[in-house]
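Shown below: target13.txt, with compact mmCIF, C-alpha atoms.
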```txt
# COMPACT_ATOMS: atom_id res chain seq x y z
CA MET A 1 6.46 -19.00 -12.15
CA SER A 2 8.17 -19.42 -15.48
CA GLY A 3 10.96 -21.30 -13.72
CA SER A 4 8.75 -24.02 -12.28
CA ARG A 5 7.04 -24.22 -15.63
CA ALA A 6 10.25 -24.75 -17.52
CA LYS A 7 11.18 -27.59 -15.17
CA ARG A 8 7.82 -29.21 -15.31
CA GLY A 9 8.49 -31.11 -18.50
CA THR A 10 11.52 -32.84 -17.05
CA ARG A 11 9.79 -33.66 -13.80
CA GLY A 12 7.03 -35.41 -15.70
CA SER A 13 4.25 -34.50 -13.29
CA GLU A 14 2.25 -31.37 -12.75
CA ARG A 15 2.41 -29.42 -9.55
CA GLY A 16 -0.79 -28.90 -7.58
CA GLU A 17 -0.47 -25.24 -8.39
CA ASP A 18 -0.96 -25.75 -12.12
CA ARG A 19 -2.91 -28.97 -12.21
CA PRO A 20 -5.90 -28.40 -14.48
CA ALA A 21 -9.41 -28.46 -13.05
CA SER A 22 -10.12 -29.83 -9.61
CA SER A 23 -10.39 -33.50 -10.57
CA ASP A 24 -7.65 -34.94 -8.39
CA ARG A 25 -7.35 -32.14 -5.89
CA HIS A 26 -8.05 -32.55 -2.23
CA PRO A 27 -11.54 -31.24 -1.26
CA LEU A 28 -9.93 -28.90 1.27
CA PHE A 29 -7.62 -27.32 -1.33
CA LYS A 30 -9.83 -24.36 -2.19
CA PRO A 31 -11.25 -23.85 1.33
CA LEU A 32 -7.69 -23.55 2.67
CA ILE A 33 -6.71 -21.09 -0.08
CA PHE A 34 -9.84 -19.09 0.81
CA VAL A 35 -9.05 -18.98 4.54
CA GLY A 36 -5.43 -18.09 3.81
CA GLY A 37 -6.66 -15.28 1.57
CA ILE A 38 -8.96 -13.94 4.31
CA VAL A 39 -6.12 -13.80 6.86
CA PHE A 40 -3.86 -12.23 4.21
CA GLY A 41 -6.47 -9.59 3.32
CA PHE A 42 -7.31 -8.87 6.96
CA GLY A 43 -3.61 -8.26 7.59
CA LEU A 44 -3.38 -5.84 4.67
CA GLY A 45 -6.38 -3.94 6.05
CA PHE A 46 -5.07 -3.92 9.63
CA SER A 47 -1.65 -2.70 8.51
CA HIS A 48 -3.20 0.12 6.42
CA MET A 49 -1.15 -1.05 3.45
CA ALA A 50 -4.53 -1.24 1.68
CA ARG A 51 -4.65 2.57 1.90
CA PRO A 52 -2.72 4.29 -0.92
CA GLU A 53 -2.22 7.40 1.25
CA VAL A 54 -0.29 5.38 3.83
CA VAL A 55 1.92 3.81 1.17
CA LEU A 56 2.59 7.24 -0.36
CA ASN A 57 3.39 8.65 3.10
CA PHE A 58 6.00 5.94 3.48
CA LEU A 59 7.50 6.52 0.01
CA GLN A 60 7.69 10.25 0.85
CA PHE A 61 9.43 9.40 4.17
CA GLU A 62 6.62 10.83 6.30
CA ASP A 63 5.84 7.55 8.08
CA LEU A 64 8.46 4.81 8.00
CA GLY A 65 6.32 2.04 9.48
CA LEU A 66 5.36 0.31 6.24
CA PRO A 67 8.46 -1.91 5.81
CA PHE A 68 7.33 -3.74 8.95
CA VAL A 69 4.45 -5.13 6.88
CA MET A 70 6.46 -6.65 4.04
CA PHE A 71 9.46 -7.69 6.09
CA GLY A 72 7.31 -8.91 8.98
CA ALA A 73 5.43 -11.10 6.54
CA ALA A 74 8.67 -12.22 4.86
CA ILE A 75 10.13 -13.26 8.23
CA VAL A 76 7.05 -15.31 9.13
CA SER A 77 6.95 -17.03 5.74
CA GLY A 78 10.74 -17.42 5.75
CA ILE A 79 10.57 -19.37 9.02
CA ALA A 80 7.91 -21.67 7.58
CA PHE A 81 9.79 -22.12 4.29
CA ALA A 82 12.93 -23.08 6.23
CA LEU A 83 11.31 -25.38 8.80
CA LEU A 84 8.67 -27.28 6.81
CA PRO A 85 11.00 -29.33 4.60
CA ARG A 86 12.63 -30.64 7.82
CA ILE A 87 9.29 -31.64 9.31
CA ARG A 88 7.68 -33.39 6.36
CA ASP A 89 8.37 -34.05 2.70
CA ALA A 90 5.22 -33.03 0.92
CA ALA A 91 2.18 -30.80 1.34
CA PRO A 92 -0.90 -32.78 2.46
CA LEU A 93 -3.40 -31.25 0.02
CA THR A 94 -1.36 -31.44 -3.18
CA GLY A 95 1.44 -33.94 -2.56
CA ASP A 96 3.87 -31.28 -3.78
CA ARG A 97 7.28 -31.28 -2.19
CA TYR A 98 8.20 -28.36 0.04
CA GLU A 99 11.00 -26.86 -1.97
CA ARG A 100 12.37 -23.46 -2.82
CA ARG A 101 10.97 -22.33 -6.11
CA LEU A 102 13.37 -19.71 -7.25
CA LYS A 103 12.56 -17.49 -10.18
CA PRO A 104 15.43 -17.21 -12.68
CA PHE A 105 17.09 -13.82 -12.82
CA ASP A 106 17.20 -11.92 -16.08
CA ARG A 107 16.85 -8.41 -17.46
CA ASN A 108 13.05 -8.59 -17.09
CA VAL A 109 13.31 -8.56 -13.29
CA LEU A 110 14.95 -5.13 -13.49
CA ILE A 111 12.79 -3.73 -16.31
CA GLY A 112 9.52 -5.03 -14.85
CA GLY A 113 10.57 -4.03 -11.33
CA ALA A 114 11.29 -0.48 -12.49
CA ILE A 115 7.93 -0.18 -14.32
CA PHE A 116 6.14 -1.57 -11.26
CA GLY A 117 8.07 0.92 -9.12
CA VAL A 118 6.87 3.91 -11.16
CA GLY A 119 3.29 2.59 -10.97
CA TRP A 120 3.48 1.91 -7.23
CA GLY A 121 5.06 5.32 -6.55
CA LEU A 122 2.40 7.08 -8.64
CA SER A 123 -0.65 5.25 -7.26
CA GLY A 124 0.43 3.97 -3.84
CA ILE A 125 -1.20 0.61 -4.48
CA CYS A 126 0.02 -2.89 -5.37
CA PRO A 127 -2.11 -5.87 -6.49
CA GLY A 128 -2.78 -7.68 -3.18
CA ALA A 129 -3.37 -4.42 -1.34
CA ALA A 130 -5.80 -3.32 -4.08
CA TYR A 131 -7.95 -6.45 -3.59
CA ALA A 132 -7.99 -5.90 0.19
CA SER A 133 -8.69 -2.19 -0.31
CA LEU A 134 -11.81 -3.02 -2.30
CA GLY A 135 -12.96 -5.10 0.67
CA THR A 136 -12.52 -2.19 3.08
CA GLY A 137 -15.03 -0.25 0.98
CA ASN A 138 -12.65 1.59 -1.32
CA VAL A 139 -14.72 1.68 -4.53
CA THR A 140 -12.36 4.31 -5.98
CA ILE A 141 -9.65 1.63 -6.09
CA LEU A 142 -11.55 0.07 -9.02
CA TRP A 143 -9.66 2.63 -11.13
CA ALA A 144 -6.40 0.99 -10.06
CA LEU A 145 -7.76 -2.53 -10.59
CA ALA A 146 -9.01 -1.60 -14.06
CA GLY A 147 -5.56 -0.18 -14.81
CA MET A 148 -3.83 -3.34 -13.54
CA PHE A 149 -5.95 -5.60 -15.74
CA LEU A 150 -5.37 -3.32 -18.73
CA GLY A 151 -1.61 -3.28 -18.10
CA ALA A 152 -1.47 -7.05 -17.60
CA TYR A 153 -3.47 -7.50 -20.82
CA VAL A 154 -1.25 -5.19 -22.87
CA GLN A 155 1.99 -6.92 -21.82
CA GLY A 156 0.43 -10.39 -22.18
CA TYR A 157 -0.92 -9.63 -25.65
CA TRP A 158 2.43 -8.24 -26.74
CA ARG A 159 4.42 -11.16 -25.33
CA SER A 160 2.02 -13.73 -26.78
CA GLN A 161 2.45 -12.19 -30.24
CA ASN A 162 6.23 -12.17 -29.86
CA ARG A 163 6.18 -15.78 -28.74
CA THR A 164 4.16 -16.79 -31.81
CA ALA A 165 6.47 -14.82 -34.08
CA GLU A 166 9.52 -16.51 -32.53
CA ALA A 167 7.99 -19.95 -32.94
CA ARG A 168 7.36 -19.21 -36.62
CA THR A 169 10.96 -18.25 -37.33
CA GLU A 170 12.40 -21.31 -35.58
CA MET B 1 12.62 0.74 26.88
CA VAL B 2 13.88 4.00 25.42
CA THR B 3 13.37 6.87 27.83
CA ASP B 4 15.62 9.51 26.30
CA PRO B 5 13.20 12.34 25.31
CA VAL B 6 15.19 13.23 22.17
CA LEU B 7 15.10 9.64 20.94
CA LEU B 8 11.41 9.39 21.76
CA GLN B 9 10.71 12.56 19.76
CA THR B 10 12.70 11.22 16.80
CA ALA B 11 10.76 7.95 16.92
CA ALA B 12 7.48 9.88 17.02
CA ASP B 13 8.56 11.86 13.95
CA LEU B 14 9.61 8.82 11.95
CA PHE B 15 6.71 6.64 13.09
CA PRO B 16 3.74 8.98 13.69
CA ASN B 17 1.39 5.98 13.75
CA GLY B 18 3.68 3.72 15.77
CA ILE B 19 4.82 0.41 14.36
CA SER B 20 2.42 -2.08 15.93
CA ARG B 21 -0.33 -1.93 13.29
CA TYR B 22 2.30 -2.43 10.59
CA ALA B 23 4.05 -5.27 12.38
CA VAL B 24 0.84 -7.08 13.41
CA GLY B 25 -0.62 -6.63 9.91
CA GLY B 26 2.59 -8.00 8.43
CA LEU B 27 2.50 -11.02 10.73
CA LEU B 28 -1.06 -11.73 9.55
CA VAL B 29 -0.08 -11.38 5.89
CA GLY B 30 2.75 -13.83 6.60
CA LEU B 31 0.37 -16.16 8.45
CA GLY B 32 -2.02 -16.23 5.47
CA THR B 33 0.89 -17.07 3.17
CA VAL B 34 2.08 -19.81 5.54
CA LEU B 35 -1.40 -21.39 5.87
CA ILE B 36 -1.53 -21.83 2.11
CA TYR B 37 2.07 -23.02 1.89
CA VAL B 38 1.71 -25.59 4.67
CA GLY B 39 -1.35 -27.16 3.06
CA THR B 40 -0.40 -26.92 -0.60
CA GLY B 41 3.31 -26.18 -0.96
CA ILE B 42 2.39 -23.14 -3.06
CA PRO B 43 4.09 -19.82 -2.29
CA ALA B 44 1.15 -17.67 -3.41
CA GLY B 45 1.61 -14.24 -4.95
CA ALA B 46 -1.16 -11.79 -5.75
CA SER B 47 -0.32 -10.43 -9.21
CA THR B 48 -0.54 -13.66 -11.24
CA PHE B 49 -4.30 -13.39 -10.62
CA LEU B 50 -4.39 -10.55 -13.15
CA GLU B 51 -3.17 -12.78 -15.98
CA SER B 52 -4.80 -16.02 -14.85
CA THR B 53 -8.19 -14.27 -14.73
CA LEU B 54 -7.65 -12.82 -18.22
CA SER B 55 -7.40 -16.43 -19.45
CA TYR B 56 -11.19 -16.70 -18.97
CA VAL B 57 -11.74 -14.07 -21.66
CA SER B 58 -8.62 -14.13 -23.86
CA ASP B 59 -7.04 -16.91 -25.92
CA GLN B 60 -3.57 -15.34 -25.84
CA SER B 61 -0.97 -17.99 -24.98
CA ARG B 62 0.52 -15.82 -22.24
CA PHE B 63 -2.77 -16.01 -20.31
CA GLN B 64 -3.70 -19.55 -21.29
CA GLN B 65 -0.58 -20.89 -19.53
CA TYR B 66 -2.33 -20.04 -16.24
CA VAL B 67 -5.54 -21.99 -16.94
CA GLY B 68 -4.53 -24.65 -14.39
CA SER B 69 -4.29 -22.20 -11.51
CA ARG B 70 -6.92 -19.63 -12.45
CA ASP B 71 -9.70 -21.12 -10.31
CA TRP B 72 -7.79 -21.20 -7.04
CA ARG B 73 -6.27 -17.78 -7.74
CA LEU B 74 -9.81 -16.42 -8.03
CA VAL B 75 -10.61 -18.05 -4.66
CA PHE B 76 -7.43 -16.54 -3.13
CA THR B 77 -8.37 -13.04 -4.34
CA ALA B 78 -11.99 -13.44 -3.17
CA GLY B 79 -10.54 -14.34 0.24
CA ILE B 80 -8.34 -11.23 0.26
CA VAL B 81 -11.33 -8.99 -0.56
CA LEU B 82 -13.39 -10.65 2.17
CA GLY B 83 -10.49 -10.31 4.62
CA GLY B 84 -10.46 -6.57 3.90
CA LEU B 85 -14.20 -6.48 4.59
CA ALA B 86 -13.73 -8.44 7.82
CA PHE B 87 -11.19 -5.81 8.91
CA ALA B 88 -13.67 -3.06 7.98
CA ALA B 89 -16.45 -4.70 9.99
CA THR B 90 -14.27 -5.02 13.10
CA PHE B 91 -11.36 -2.64 13.67
CA GLN B 92 -12.29 -0.03 11.03
CA SER B 93 -15.83 0.12 12.44
CA GLY B 94 -14.53 0.44 15.99
CA LEU B 95 -16.39 -2.71 16.98
CA VAL B 96 -13.08 -4.19 18.10
CA THR B 97 -10.29 -2.03 19.49
CA SER B 98 -6.75 -2.83 20.51
CA PRO B 99 -3.77 -0.81 21.71
CA LEU B 100 -1.94 -2.46 18.80
CA TYR B 101 -4.25 -0.82 16.28
CA GLU B 102 -3.81 2.84 15.31
CA PRO B 103 -6.81 4.06 13.23
CA GLY B 104 -5.12 6.95 11.37
CA SER B 105 -6.84 9.79 9.54
CA THR B 106 -6.37 9.20 5.80
CA GLY B 107 -9.16 9.13 3.22
CA GLN B 108 -12.91 9.23 3.85
CA LEU B 109 -15.02 7.04 6.10
CA TYR B 110 -18.65 6.25 5.25
CA GLU B 111 -21.22 3.87 6.67
CA VAL B 112 -23.26 1.15 5.02
CA ALA B 113 -25.52 -1.09 7.11
CA GLY B 114 -23.62 -0.38 10.31
CA VAL B 115 -20.22 -1.16 8.78
CA THR B 116 -17.71 1.69 8.56
CA LEU B 117 -16.22 1.61 5.08
CA TRP B 118 -13.31 3.62 3.78
CA THR B 119 -12.41 5.22 0.48
CA THR B 120 -9.28 6.90 -0.78
CA ASP B 121 -8.67 10.58 -1.58
CA VAL B 122 -5.90 9.71 -4.05
CA GLN B 123 -6.97 11.00 -7.45
CA PRO B 124 -8.41 8.50 -9.96
CA TRP B 125 -5.89 9.38 -12.71
CA ARG B 126 -3.04 8.42 -10.38
CA LEU B 127 -4.74 5.14 -9.50
CA PHE B 128 -5.57 4.30 -13.12
CA GLY B 129 -2.25 5.38 -14.63
CA GLY B 130 -0.25 3.82 -11.81
CA GLY B 131 -2.41 0.70 -12.03
CA ILE B 132 -1.56 0.23 -15.71
CA LEU B 133 2.17 0.39 -14.91
CA VAL B 134 1.69 -1.96 -11.93
CA GLY B 135 -0.09 -4.44 -14.23
CA ILE B 136 2.68 -4.31 -16.83
CA GLY B 137 5.61 -4.18 -14.41
CA THR B 138 4.61 -6.93 -11.98
CA ARG B 139 4.00 -9.38 -14.83
CA ILE B 140 7.18 -8.58 -16.73
CA GLY B 141 9.19 -8.42 -13.49
CA LYS B 142 7.92 -11.86 -12.36
CA GLY B 143 6.27 -10.72 -9.17
CA CYS B 144 4.89 -8.02 -6.93
CA THR B 145 5.06 -7.05 -3.28
CA SER B 146 3.75 -10.46 -2.21
CA GLY B 147 5.39 -12.81 -4.73
CA HIS B 148 8.82 -11.14 -4.57
CA GLY B 149 8.45 -9.16 -1.33
CA VAL B 150 6.96 -11.79 0.97
CA CYS B 151 7.52 -15.22 -0.62
CA GLY B 152 10.72 -14.39 -2.50
CA VAL B 153 12.43 -12.50 0.31
CA GLY B 154 11.24 -15.22 2.71
CA SER B 155 12.99 -17.80 0.51
CA ALA B 156 16.12 -15.61 0.40
CA SER B 157 15.80 -15.62 -3.39
CA ARG B 158 18.41 -13.37 -4.94
CA THR B 159 16.14 -12.64 -7.89
CA SER B 160 13.41 -11.45 -5.55
CA LEU B 161 15.77 -9.38 -3.40
CA VAL B 162 16.97 -7.57 -6.53
CA GLY B 163 13.36 -7.19 -7.70
CA VAL B 164 12.29 -5.68 -4.36
CA LEU B 165 15.28 -3.34 -4.25
CA THR B 166 14.46 -2.19 -7.80
CA PHE B 167 10.78 -1.46 -7.33
CA LEU B 168 11.25 0.03 -3.87
CA THR B 169 13.96 2.46 -5.02
CA VAL B 170 12.07 3.50 -8.15
CA ALA B 171 8.81 3.89 -6.21
CA ILE B 172 10.46 6.16 -3.62
CA GLY B 173 11.95 8.30 -6.41
CA THR B 174 8.63 8.47 -8.26
CA ALA B 175 6.56 9.38 -5.19
CA GLN B 176 9.07 12.09 -4.20
CA VAL B 177 9.02 13.62 -7.69
CA VAL B 178 5.22 13.52 -7.90
CA ALA B 179 4.96 15.16 -4.45
CA ALA B 180 7.57 17.79 -5.41
CA MET B 181 5.45 18.65 -8.45
CA GLY B 182 2.71 19.59 -6.01
CA VAL B 183 0.38 16.66 -6.73
CA SER B 184 -1.61 15.79 -3.59
CA PRO B 185 -3.20 13.54 -2.71
```
Reformat the file's structure so that it appears as structure tokens.
Amino acid sequence: MSGSRAKRGTRGSERGEDRPASSDRHPLFKPLIFVGGIVFGFGLGFSHMARPEVVLNFLQFEDLGLPFVMFGAAIVSGIAFALLPRIRDAAPLTGDRYERRLKPFDRNVLIGGAIFGVGWGLSGICPGAAYASLGTGNVTILWALAGMFLGAYVQGYWRSQNRTAEARTE
Amino acid sequence: MVTDPVLLQTAADLFPNGISRYAVGGLLVGLGTVLIYVGTGIPAGASTFLESTLSYVSDQSRFQQYVGSRDWRLVFTAGIVLGGLAFAATFQSGLVTSPLYEPGSTGQLYEVAGVTLWTTDVQPWRLFGGGILVGIGTRIGKGCTSGHGVCGVGSASRTSLVGVLTFLTVAIGTAQVVAAMGVSP
């Protein structure tokens, strides 16, 4: 995310992803995102990854099936990511080029990954699975969603303040 | 096919619910990601939604940078919730069955208007406390199970592979320690 953002200035145009409002977006942009989300959420329900117990059972080595979800999905998307740029240049609904958008590596990937790991190991739920879990009827997961928003707010507030402080000293 | 009884027993121990529901579910998660990528070129992850949605209510610069994508991220998440409900109304309710789908026995089932819904037995303090750390960690670590795990690994991104290895290892350690302390579920 921050990588594509940093490059945006030099590219001189905004990606469909970050383009403000829906002014020049294709009318099918949001419907396609919605359908993609439904398939994505259905898959999380079907795989039981939307159930914290099943994730915890995997992390405790009692049922090793769960990696098939993430790696199965990664293989499918990996095939598409590899093939699409050979078939056509740009996505029809945004005009964005099919390209690898790699996130830059730094210390934060390890620190954030470790914090996420403690949270995932404690709760058995990750963001996408939490949204799907709510759809399967899991009202108790609202505790996790409330926690995620609180955590995202705390780190965002802190980083925004730091950013302002840095800008002032420059 | 494997016919050795010892191997079969080992497989049954390691995979008490088989692998098909995991593999088929994973293929669908991948398909959803691909649908969005084919049409828009966007490799969509789920955790940015947390910050982009906060931009509706907070002026902090960290959230405001996501103003451009907050609307479609809301649509993506609404789709994921509805997809979960569609699963509940079909396979979870027993309306549709398949040899590829193993129902399992976790949590509590309850019925509303003919739809079998499900809720977790995992204690609220674990969900809330873990959720806070998930919210902090995914945003500092630049991605979650979908952004790093599905899109990043699918792109063979070294950053994402390291991210996945980090959170997976730490999560296994954490869950083992919590279980060893006698916390269940």
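If all atoms listed in the file are the atoms counted, then among A:Gly37, A:Pro31, A:Pro67, A:Gly95 the closest residue to Gly32 in chain B is A:Gly37.
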Please report as a Markdown table every residue of range 47-152 of chain A lying within 9 Å of range 35-38 of chain B, along with the nearest atom pair and their distance in Å (one decimal), using only C-alpha atoms.
```
| residue | atom | partner | partner_atom | distance |
| --- | --- | --- | --- | --- |
| A:Ser77 | CA | B:Tyr37 | CA | 8.6 |
| A:Ala80 | CA | B:Val38 | CA | 7.9 |
| A:Phe81 | CA | B:Tyr37 | CA | 8.1 |
| A:Leu84 | CA | B:Val38 | CA | 7.5 |
| A:Ala91 | CA | B:Val38 | CA | 6.2 |
| A:Pro92 | CA | B:Val38 | CA | 8.0 |
| A:Leu93 | CA | B:Val38 | CA | 8.9 |
| A:Tyr98 | CA | B:Tyr37 | CA | 8.3 |
```
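Neighbours of Thr169 in chain B closer than or equal to 12 Å, with all atoms listed in the file counted and sequence neighbours fewer than 5 positions away skipped, come out as Leu59, Gln60, Leu110, Gly113, Ala114, Ile115, Phe116, Gly117, Val118, Trp120 and Gly121 of chain A; Val162, Gly163, Val164, Thr174, Ala175 and Gln176 of chain B.
Residue nearest chain A within the list B:Val57, B:Ala180, B:Leu109, B:Leu117: B:Leu117 [criterion: smallest interatomic distance, only C-alpha atoms].
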Counting all atoms listed in the file, which residue out of B:Thr48, B:Gly83, B:Val24, B:Val115 sits closest to chain A?
B:Gly83
What lies within 10 Å of Tyr153 in chain A using all atoms listed in the file, ignoring chain neighbours under 3 positions off, as a short mmCIF file (atom, residue, chain, number, x, y, z; two decimals) with C-alpha atoms, in the coordinates of the input?
```cif
data_model
loop_
_atom_site.label_atom_id
_atom_site.label_comp_id
_atom_site.auth_asym_id
_atom_site.auth_seq_id
_atom_site.Cartn_x
_atom_site.Cartn_y
_atom_site.Cartn_z
CA GLY A 147 -5.56 -0.18 -14.81
CA MET A 148 -3.83 -3.34 -13.54
CA PHE A 149 -5.95 -5.60 -15.74
CA LEU A 150 -5.37 -3.32 -18.73
CA GLY A 156 0.43 -10.39 -22.18
CA TYR A 157 -0.92 -9.63 -25.65
CA TRP A 158 2.43 -8.24 -26.74
CA ARG A 159 4.42 -11.16 -25.33
CA LEU B 50 -4.39 -10.55 -13.15
CA GLU B 51 -3.17 -12.78 -15.98
CA LEU B 54 -7.65 -12.82 -18.22
CA SER B 55 -7.40 -16.43 -19.45
CA SER B 58 -8.62 -14.13 -23.86
CA GLN B 60 -3.57 -15.34 -25.84
CA ARG B 62 0.52 -15.82 -22.24
CA PHE B 63 -2.77 -16.01 -20.31
CA ILE B 132 -1.56 0.23 -15.71
CA GLY B 135 -0.09 -4.44 -14.23
CA ILE B 136 2.68 -4.31 -16.83
CA ARG B 139 4.00 -9.38 -14.83
#
```
For Gly143 in chain B: contacts at 9 Å, all atoms listed in the file, fewer than 4 positions along chain excluded, given as a ChimeraX atom specification
/A:1,109,112-113 /B:45-48,137-139,147-149,152,160,163
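Considering all atoms listed in the file, the residue among B:Phe91, B:Trp72, B:Tyr22, B:Trp125 positioned nearest to Gly16 in chain A is B:Trp72.
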8 Å contact set for Leu31 in chain B, all atoms listed in the file, chain neighbours under 3 positions out, as a PDB file with C-alpha atoms, in the frame of the given file:
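Result file is part.pdb:
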```pdb
ATOM      1  CA  GLY A  36      -5.430 -18.090   3.810  1.00  0.00           C
ATOM      2  CA  VAL A  39      -6.120 -13.800   6.860  1.00  0.00           C
ATOM      3  CA  PHE A  40      -3.860 -12.230   4.210  1.00  0.00           C
ATOM      4  CA  ALA A  73       5.430 -11.100   6.540  1.00  0.00           C
ATOM      5  CA  VAL A  76       7.050 -15.310   9.130  1.00  0.00           C
ATOM      6  CA  SER A  77       6.950 -17.030   5.740  1.00  0.00           C
TER       7      SER A  77
ATOM      8  CA  LEU B  27       2.500 -11.020  10.730  1.00  0.00           C
ATOM      9  CA  LEU B  28      -1.060 -11.730   9.550  1.00  0.00           C
ATOM     10  CA  VAL B  34       2.080 -19.810   5.540  1.00  0.00           C
ATOM     11  CA  LEU B  35      -1.400 -21.390   5.870  1.00  0.00           C
TER      12      LEU B  35
END
```
Separation of CA of Ile140 in chain B from CA of Glu166 in chain A in Å:
17.8 Å
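Picture a line from CA of Ala74 in chain A to CA of Gly154 in chain B; it runs 4.5 Å.
The point (-6.8, -18.7, -7.7) has these residues within 10 Å of it, counting all atoms listed in the file: Glu17, Lys30, Ile33, Phe34 and Gly37 of chain A; Ala44, Gly45, Ala46, Thr48, Phe49, Ser52, Thr53, Tyr66, Val67, Gly68, Ser69, Arg70, Asp71, Trp72, Arg73, Leu74, Val75, Phe76, Thr77, Ala78 and Gly79 of chain B.
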If we draw a sphere of 10 Å around (9.8, -2.8, 14.9), which residues have at least one atom in it when counting only C-alpha atoms? Please report them as number ranges by chain.
A: 65, 67-69, 72; B: 18-20, 22-23
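Contact shell of Ile125 in chain A at 8 Å (all atoms listed in the file; same-chain neighbours under 6 positions omitted): Ala50, Arg51, Pro52, Val55 and Ala144 of chain A; Leu127 and Gly131 of chain B.
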If you measure from CA of Thr40 in chain B to CA of Ile75 in chain A, what distance in Å do you get, rounded to one decimal?
19.4 Å
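Using only C-alpha atoms, the smallest distance between any of B:Met181, B:Ala88, B:Tyr110, B:Leu95 and chain A comes from B:Ala88.
Here the question is which of A:Thr136, A:Ser160, A:Asn57, A:Thr169 gets nearest to Ser123 in chain A using all atoms listed in the file, and that residue is A:Asn57.
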Please tabulate, as CSV, the residues of range 65-165 of chain B that come within 8 Å of range 127-131 of chain A, each with its closest pair of atoms and the distance in Å to one decimal, counting all atoms listed in the file and ordering rows by chain, then residue number upward.
```
residue,atom,partner,partner_atom,distance
B:Thr77,CA,A:Tyr131,CA,6.6
B:Ile80,CA,A:Tyr131,CA,6.2
B:Val81,CA,A:Tyr131,CA,5.2
B:Gly84,CA,A:Tyr131,CA,7.9
B:Val134,CA,A:Pro127,CA,7.7
B:Cys144,CA,A:Pro127,CA,7.3
B:Thr145,CA,A:Gly128,CA,7.9
B:Ser146,CA,A:Gly128,CA,7.2
```
Those same residues, written as a PDB file, in the coordinates of the input with C-alpha atoms?
```pdb
ATOM      1  CA  THR B  77      -8.370 -13.040  -4.340  1.00  0.00           C
ATOM      2  CA  ILE B  80      -8.340 -11.230   0.260  1.00  0.00           C
ATOM      3  CA  VAL B  81     -11.330  -8.990  -0.560  1.00  0.00           C
ATOM      4  CA  GLY B  84     -10.460  -6.570   3.900  1.00  0.00           C
ATOM      5  CA  VAL B 134       1.690  -1.960 -11.930  1.00  0.00           C
ATOM      6  CA  CYS B 144       4.890  -8.020  -6.930  1.00  0.00           C
ATOM      7  CA  THR B 145       5.060  -7.050  -3.280  1.00  0.00           C
ATOM      8  CA  SER B 146       3.750 -10.460  -2.210  1.00  0.00           C
TER       9      SER B 146
END
```
